[in-house]
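Contents: one structure, followed by commentary.
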Amino acid sequence: MHKNRTPELHSGGPERLSGGEIPDWYSEGVPHVWLPYTQMQTTPDPLPVVGADGVRLELADGRRLIDGIASWWTACHGYNHPRLKEKMKAQIDRLSHVMLGGLVHEEAARLAKRLADLLPGDLNHVFFSESGSVSVEIALKMAVQFWLNQGVTGRTRFVGFKAGYHGDTSATMAVGDSDGGMHKAFGDYLQQQHIVKLPENPTELEAFSVFLKDHRDGIAGVIMEPLIQGAGGMKFHGPEILRGIHEACREADVLLILDEIFTGFGRTGTMFACEQAGVVPDIICLGKALTAGMVAMAATVAGERVYGAFLSEEADKAFMHGPTYMANPLACAAANASLDIFEEEDVLGQVKKIEGHLTQSLAQFLDRPDVVDVRVKGAVGVIQMKKITDPVAMRQEFVKEGVWIRPLGDVIYLTPAFTMQPRDIASLTEAIDTVLQRMQG
Ligand SMILES: *Cc1c(COP(=O)(O)O)cnc(C)c1O
């Protein structure tokens, strides 16, 4: 054990990890870990996490941080939840993995049925995968083949929205906001899709409807994040906008794909965001909180019309896709355990309470001249700043205050576990107040 040794990750960087014990695994291994969305030359050292419990992360030097993000909003019941762990431990002794090509297992069957029962309308056919981006890729491929299987050619394009985010793989980047988003430089490489402004009122909805009808012969589907556009800036829209877009899709006979990877499983106050608009999409994508942050899994769920177009005597009308680890039993067990918690505890009631606490405690920031907007929906709280000059430096200031908050563009957001107590929400907002006063004056 090298005590108090500062790891040499790179030549520069605003701040070194210091104090406490730096474990061997850190100094030896971390220089080989390429981090996400990170300039590796200038990044501050990543914080070594050795444990997590409830809403707290434990660092190697013994510090504890209140987690305002819940690991990209996956850990909805908090970390180290005994029910999730028990179910996974029991499953690992029975069957940790088996391929789904010609085989099936109990946890997958139970989970598929439960998702079909929970989802609105006729979203009954569950295609499992291992990440959100892949579940979106699957939805896009499904939509294209839906038309081809019926002898309709040329409908291969998609309509996505500005500030939309659907993943980091090539097809998902292309349906997201590549101009305003983080995939700007890839324009020439990506497939050209229609990325349009999200309608904000009846007039714009009408124009959108006309646009869709004019282009329908080339369009397979429309893809959007319902009610909250997450990683593209935590932007909100009302259920009437979602309803209007659904209506436009109906009229033009274009498929509607809802990406609920961010919004699904209670985050916006209902189990799925689309319920608030009474909208049933043709295809829905689920991920992130599906396993309550325990392990990677996603799902693409199709309605009867889409599924029906793949049924045929002809083998090549089958959906040709099959992630190696699809429906992994450990992941299915975690997801089933999470759904048990949703069934037995008043989780949506917890979300409602958090919504109230966030609304109350974030309102104070509206008085600040550098704050443009404060908004709350379900367990999502957003402070829209005029500008955050250095989000990475701000993240470090939050750590000094004992909280884990990761600013995104010009936004400071909270997506806590649904188990977070009012005093911890208060600590998060106090930390934000302190850091804003220190950094922005
Ligand atoms: C996170 C996210 C994705 C991508 O999921 P990964 O598991 O990171 O591939 C896609 N869509 C939305 C709305 C997301 O929030």
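Residue numbering restarts at 1 for every chain of the structure tokens, chains are lettered A, B, ... in their displayed order, and ligands are numbered from 1 as they appear.
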Please report, as a Markdown table, each residue of region 230-284 of chain A lying at most 10 Å from region 197-206 of chain A, together with the nearest pair of atoms and the separation in Å rounded to one decimal; use only C-alpha atoms, and order rows by chain and ascending residue number.
```
| residue | atom | partner | partner_atom | distance |
| --- | --- | --- | --- | --- |
| A:His237 | CA | A:Glu200 | CA | 7.6 |
| A:Gly238 | CA | A:Glu200 | CA | 8.8 |
| A:Glu240 | CA | A:Asn201 | CA | 8.8 |
| A:Ile241 | CA | A:Glu200 | CA | 6.7 |
| A:Leu242 | CA | A:Pro199 | CA | 9.3 |
| A:Arg243 | CA | A:Leu205 | CA | 9.8 |
| A:Gly244 | CA | A:Leu205 | CA | 6.2 |
| A:Ile245 | CA | A:Leu205 | CA | 6.9 |
| A:Glu247 | CA | A:Leu205 | CA | 9.5 |
| A:Ala248 | CA | A:Leu205 | CA | 7.9 |
```
**Request:** Return as number ranges by chain every polymer residue, whether protein, DNA or RNA, with at least one atom no more than 9 Å from an atom of ligand 1; count only C-alpha atoms and all ligand atoms.
**Result:** A: 72-73, 130-136, 164-169, 172, 224-226, 228-232, 259-263, 285-288, 296-298
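Here CA of Val104 (chain A) is placed at a distance of 28.7 Å from CA of Trp147 (chain A).
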Using DSSP assignments from the backbone, pull out every residue in region 247-326 of chain A that falls under helix (DSSP H, G or I) and give it to me as a CSV table (one decimal) with C-alpha atoms, in the first residue's frame.
```
chain,number,residue,atom,x,y,z
A,247,GLU,CA,-51.6,12.9,-33.3
A,248,ALA,CA,-49.4,14.1,-36.2
A,249,CYS,CA,-47.7,10.7,-36.4
A,250,ARG,CA,-51.2,9.0,-36.6
A,251,GLU,CA,-52.4,11.4,-39.3
A,252,ALA,CA,-49.2,10.8,-41.4
A,273,ALA,CA,-43.8,9.7,-18.8
A,274,CYS,CA,-46.1,8.8,-21.8
A,275,GLU,CA,-48.9,8.0,-19.3
A,276,GLN,CA,-49.2,11.7,-18.4
A,277,ALA,CA,-50.2,12.4,-22.0
A,288,LYS,CA,-31.1,3.1,-17.0
A,289,ALA,CA,-33.3,2.6,-14.0
A,290,LEU,CA,-34.7,-0.7,-15.4
A,291,THR,CA,-32.3,-2.6,-13.1
A,304,GLU,CA,-49.0,-5.4,-31.7
A,305,ARG,CA,-49.0,-3.6,-35.0
A,306,VAL,CA,-45.2,-3.5,-35.2
A,307,TYR,CA,-44.7,-7.0,-33.9
A,308,GLY,CA,-47.4,-8.3,-36.3
A,315,ALA,CA,-37.7,-16.6,-42.4
A,316,ASP,CA,-36.2,-13.4,-43.7
A,317,LYS,CA,-39.0,-11.3,-42.3
```
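Counting only C-alpha atoms, region 418-429 of chain A has the following residues at most 8 Å away, ignoring those fewer than 4 positions along the same chain: Gly54, Val55, Ile66, Gly68, Cys76, His77, Gly78, Val347, Gln350, Val351, Ile354, His357, Leu358, Ser361, Leu362, Ala379, Val403 and Asp433 of chain A.
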**Asked** Interatomic distance between CA of Val372 (chain A) and CA of Pro407 (chain A)?
**Response** 15.0 Å
Members of region 13-111 of chain A assigned strand (DSSP E or B) by DSSP, as a compact mmCIF listing (two decimals) with C-alpha atoms, in the first residue's frame:
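Generated file (result-v5.txt):
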```txt
# COMPACT_ATOMS: atom_id res chain seq x y z
CA GLU A 21 -5.01 6.84 1.45
CA VAL A 49 -15.20 5.18 -4.81
CA VAL A 50 -14.93 2.18 -2.49
CA GLY A 51 -18.56 1.81 -1.52
CA ALA A 52 -22.03 3.27 -1.79
CA ASP A 53 -24.99 3.06 0.52
CA GLY A 54 -28.39 4.72 0.26
CA ARG A 56 -24.09 8.31 -0.27
CA LEU A 57 -20.87 7.49 -2.07
CA GLU A 58 -17.89 6.49 0.06
CA LEU A 59 -14.44 7.57 -1.13
CA ARG A 64 -18.78 10.55 2.00
CA LEU A 65 -20.59 12.46 -0.72
CA ILE A 66 -24.35 12.90 -1.03
CA ASP A 67 -25.10 11.76 -4.56
CA TYR A 79 -27.33 2.12 -3.46
```
Contact residues around region 150-157 of chain A with only C-alpha atoms at 8 Å, ignoring same-chain residues under 6 positions, as a tab-separated table (two decimals) with all heavy atoms, in the first residue's frame:
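To be explicit, this is the file written out as out.tsv:
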```tsv
chain	number	residue	atom	x	y	z
A	144	VAL	N	-37.63	0.50	-39.49
A	144	VAL	CA	-37.32	0.41	-40.92
A	144	VAL	C	-37.83	-0.91	-41.48
A	144	VAL	O	-38.49	-0.96	-42.52
A	144	VAL	CB	-35.79	0.56	-41.15
A	144	VAL	CG1	-35.41	0.17	-42.58
A	144	VAL	CG2	-35.36	1.99	-40.85
A	192	GLN	N	-27.93	11.13	-42.59
A	192	GLN	CA	-28.69	12.39	-42.50
A	192	GLN	C	-30.14	12.11	-42.10
A	192	GLN	O	-30.83	11.34	-42.76
A	192	GLN	CB	-28.65	13.11	-43.85
A	192	GLN	CG	-27.29	13.68	-44.19
A	192	GLN	CD	-26.72	14.57	-43.10
A	192	GLN	OE1	-27.36	15.53	-42.67
A	192	GLN	NE2	-25.54	14.24	-42.59
A	193	GLN	N	-30.56	12.70	-41.02
A	193	GLN	CA	-31.94	12.55	-40.55
A	193	GLN	C	-32.58	13.94	-40.48
A	193	GLN	O	-31.90	14.95	-40.64
A	193	GLN	CB	-31.97	11.89	-39.17
A	193	GLN	CG	-31.18	10.58	-39.09
A	193	GLN	CD	-31.86	9.41	-39.80
A	193	GLN	OE1	-32.76	9.58	-40.61
A	193	GLN	NE2	-31.40	8.20	-39.50
A	194	HIS	N	-33.88	13.97	-40.24
A	194	HIS	CA	-34.55	15.27	-40.08
A	194	HIS	C	-34.51	15.64	-38.60
A	194	HIS	O	-35.23	15.04	-37.80
A	194	HIS	CB	-36.02	15.19	-40.51
A	194	HIS	CG	-36.24	14.74	-41.91
A	194	HIS	ND1	-36.06	15.57	-43.01
A	194	HIS	CD2	-36.64	13.55	-42.42
A	194	HIS	CE1	-36.34	14.90	-44.12
A	194	HIS	NE2	-36.70	13.68	-43.79
A	216	ARG	N	-43.68	12.00	-45.52
A	216	ARG	CA	-43.96	10.67	-44.96
A	216	ARG	C	-43.42	9.50	-45.78
A	216	ARG	O	-43.00	8.49	-45.24
A	216	ARG	CB	-45.47	10.49	-44.73
A	216	ARG	CG	-46.28	10.40	-46.01
A	216	ARG	CD	-47.76	10.19	-45.70
A	216	ARG	NE	-48.05	8.88	-45.13
A	216	ARG	CZ	-48.21	7.77	-45.84
A	216	ARG	NH1	-48.08	7.79	-47.15
A	216	ARG	NH2	-48.49	6.64	-45.24
A	217	ASP	N	-43.37	9.67	-47.12
A	217	ASP	CA	-42.92	8.57	-47.97
A	217	ASP	C	-41.46	8.18	-47.72
A	217	ASP	O	-41.05	7.08	-48.09
A	217	ASP	CB	-43.13	8.91	-49.44
A	217	ASP	CG	-44.62	8.95	-49.79
A	217	ASP	OD1	-45.42	8.44	-48.97
A	217	ASP	OD2	-44.97	9.50	-50.84
A	218	GLY	N	-40.71	9.10	-47.11
A	218	GLY	CA	-39.31	8.77	-46.82
A	218	GLY	C	-39.06	8.49	-45.35
A	218	GLY	O	-37.93	8.18	-44.96
A	219	ILE	N	-40.11	8.62	-44.54
A	219	ILE	CA	-39.90	8.57	-43.09
A	219	ILE	C	-40.45	7.28	-42.48
A	219	ILE	O	-41.61	6.92	-42.68
A	219	ILE	CB	-40.57	9.80	-42.41
A	219	ILE	CG1	-39.84	11.09	-42.82
A	219	ILE	CG2	-40.57	9.65	-40.89
A	219	ILE	CD1	-40.50	12.34	-42.32
A	220	ALA	N	-39.59	6.60	-41.71
A	220	ALA	CA	-40.02	5.40	-40.99
A	220	ALA	C	-40.70	5.76	-39.68
A	220	ALA	O	-41.70	5.15	-39.30
A	220	ALA	CB	-38.83	4.49	-40.73
A	221	GLY	N	-40.14	6.74	-38.98
A	221	GLY	CA	-40.70	7.06	-37.68
A	221	GLY	C	-40.17	8.36	-37.10
A	221	GLY	O	-39.22	8.96	-37.61
A	309	ALA	N	-46.02	-7.19	-37.97
A	309	ALA	CA	-45.40	-7.07	-39.30
A	309	ALA	C	-44.19	-7.99	-39.45
A	309	ALA	O	-43.67	-8.16	-40.55
A	309	ALA	CB	-44.99	-5.62	-39.54
```
**Item:** Who sits within 9 Å of Ser170 (chain A), only C-alpha atoms, same chain under 2 positions skipped, as number ranges by chain
**Value:** A: 137, 167-168, 172-174, 186, 189-191
**Message:** Neighbouring residues of Gly269 (chain A) were defined as those with any atom within 7 Å, considering only C-alpha atoms; residues of the same chain fewer than 6 positions away were excluded. Please report them as a list in words.
**Reply:**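 Near Gly269 (chain A), the qualifying residues are Leu348, Val351, Lys352 and Gly378 of chain A.
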**Prompt:** For the atom pair CA of Gly356 (chain A) and CA of Glu430 (chain A), what is the interatomic distance in Å to one decimal place?
**Reply:**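 Separating CA of Gly356 (chain A) from CA of Glu430 (chain A) is a distance of 16.7 Å.
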**Request:** Would you please work out which residue, of A:Gly101, A:Gly29, A:Gly293, A:Gly160, is nearest to Lys85 (chain A) when using only C-alpha atoms?
**Result:**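 Looking at the shortest contact to Lys85 (chain A), the residue is A:Gly293.
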**Complete:** Restricting to only C-alpha atoms, whichever of A:Ala299, A:Leu408, A:Val435, A:Ile92 is closest to Tyr37 (chain A) is A:Leu408
Residue neighbourhood region 106-117 of chain A, 7 Å, only C-alpha atoms, exclusion window fewer than 5 positions, as a compact mmCIF listing (two decimals) with N, CA, C and O atoms, in the first residue's frame:
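Saved the output as result-v3.txt:
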```txt
# COMPACT_ATOMS: atom_id res chain seq x y z
N LEU A 123 -48.25 -2.42 -25.76
CA LEU A 123 -46.79 -2.60 -25.81
C LEU A 123 -46.45 -3.92 -25.12
O LEU A 123 -46.18 -3.97 -23.92
N ASN A 124 -46.50 -5.00 -25.88
CA ASN A 124 -46.51 -6.35 -25.31
C ASN A 124 -45.30 -7.20 -25.64
O ASN A 124 -45.17 -8.30 -25.12
N VAL A 126 -41.28 -7.67 -25.84
CA VAL A 126 -40.07 -7.10 -25.24
C VAL A 126 -38.82 -7.69 -25.88
O VAL A 126 -38.61 -8.91 -25.84
N ALA A 327 -31.10 -10.25 -22.17
CA ALA A 327 -31.89 -10.91 -21.11
C ALA A 327 -31.01 -11.65 -20.12
O ALA A 327 -31.41 -12.69 -19.60
N PRO A 329 -29.69 -13.19 -17.01
CA PRO A 329 -30.50 -13.54 -15.84
C PRO A 329 -30.24 -12.67 -14.61
O PRO A 329 -31.17 -12.37 -13.87
N CYS A 332 -32.04 -9.46 -15.33
CA CYS A 332 -33.49 -9.67 -15.22
C CYS A 332 -33.90 -9.80 -13.75
O CYS A 332 -34.94 -9.27 -13.35
N ALA A 333 -33.07 -10.49 -12.95
CA ALA A 333 -33.39 -10.64 -11.53
C ALA A 333 -33.38 -9.28 -10.83
O ALA A 333 -34.27 -8.98 -10.02
N ASN A 336 -36.52 -7.43 -11.89
CA ASN A 336 -37.70 -7.97 -11.20
C ASN A 336 -37.74 -7.53 -9.74
O ASN A 336 -38.81 -7.19 -9.22
```
**Asked** For Leu227 (chain A), which of A:Leu35, A:Val371, A:Val392, A:Val279 is the closest residue, counting only C-alpha atoms?
**Response** A:Val279
**Message:** Between A:Met142, A:Pro416, A:Asp346, A:Lys400, which residue has the minimum interatomic distance to His321 (chain A), considering only C-alpha atoms?
**Reply:**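 The answer is A:Met142, which sits nearest to His321 (chain A).
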